[in-house]
Amino acid sequence: MKIIQLSDPHLMAPGGLLYGSDPLARLDACLADIGKNHADAELVVISGDLTNDGERAAYVALRERLAQFSPPCRLMLGNHDDRALFLEMFPDAAAEQGFVQSVFDGSEGRLILLDTLDSGHVEGRLCAARLEWLDEKAEGSARPGLPLHAPPAFPDTHAGA
Ligand SMILES: [Fe+2]
């Protein structure tokens, strides 16, 4: 099972730079490489932070890119993202109970994609509703589920991220 995870693109509005680098150009390079060398991927997960500032223009840019991207793709939120705006921009995104989380049953087992966004906080959170959903989805799997979430924030390397 080939699964590709791209994490923390921190997209800006087109033309915007982040620490001197263009996150959108970097995403374009990743997507082009996947299209060229890994088009057989069973799933591509792009986990948050999808955007650096939760900007509409950054979500629009992401949506435009994914409209031309072939492998199945799921998006996950990070603490810099805006869940309501994201769902407005990606109404077809896999979502459960208002959270951007879903189950992917692949050839080798089940992936459980979790929404740990706790708006206004850097650290993630799984509230009672999300934990209950996780229990339900983990029990419904024929094989052990693999929970997938945004990488943990390490204070030394990802401060405030
Ligand atoms: Fe981040």
# chains A, B, ... in the order shown; residues from 1 in each chain; ligands from 1

$ select_by_dssp --residues "chain A" --states "strand (DSSP E)" --output "PyMOL selection string"
chain A and resi 3-7+43-47+73-75+102-106+109-113+146-148

$ select_by_dssp --residues "chain A" --states "alpha helix (DSSP H)" --output "ChimeraX atom specification"
/A:23-37,56-67,83-89,128-139

$ residues_around --residues "Glu123 of chain A" --least-positions-apart "2" --cutoff "8 Å" --atoms "only C-alpha atoms" --output "ChimeraX atom specification"
/A:79,117-118,121,125,153

$ atom_distance --atom1 "atom CA of Val45 of chain A" --atom2 "atom CA of Asp115 of chain A"
12.9 Å

$ residues_around --residues "Pro9 of chain A" --least-positions-apart "2" --cutoff "7 Å" --atoms "only C-alpha atoms" --output "PyMOL selection string"
chain A and resi 7+11+23+27+49-51

$ atom_distance --atom1 "atom CA of Asp105 of chain A" --atom2 "atom CA of Ile46 of chain A"
17.0 Å

$ residues_around --residues "Gln5 of chain A" --least-positions-apart "4" --cutoff "10 Å" --atoms "only C-alpha atoms" --output "JSON, numbers by chain"
{"A": [43, 44, 45, 46, 47, 73, 74, 75, 148, 150]}

$ residues_around --residues "Met1 of chain A" --least-positions-apart "5" --cutoff "9 Å" --atoms "only C-alpha atoms" --output "list in words"
Ala41, Glu42, Leu43, Gly106, Ser107, Glu108 and Gly109 of chain A

$ residues_around --residues "Leu114 of chain A" --least-positions-apart "6" --cutoff "12 Å" --atoms "only C-alpha atoms" --output "PyMOL selection string"
chain A and resi 45+47-48+74-78+94-104+124-127+129-135+137-138+145-151

$ atom_distance --atom1 "atom CA of Asp33 of chain A" --atom2 "atom CA of Asp8 of chain A"
17.3 Å

$ closest_residue --among "A:Ala84, A:Val122, A:Ala128, A:Ala57" --to "ligand 1" --atoms "only C-alpha atoms and all ligand atoms"
A:Val122

$ closest_residue --among "A:Ile3, A:Glu136, A:Thr116, A:Phe90" --to "Asp40 of chain A" --atoms "only C-alpha atoms"
A:Ile3

$ closest_residue --among "A:Arg110, A:Arg65, A:Arg56, A:His80" --to "ligand 1" --atoms "only C-alpha atoms and all ligand atoms"
A:His80
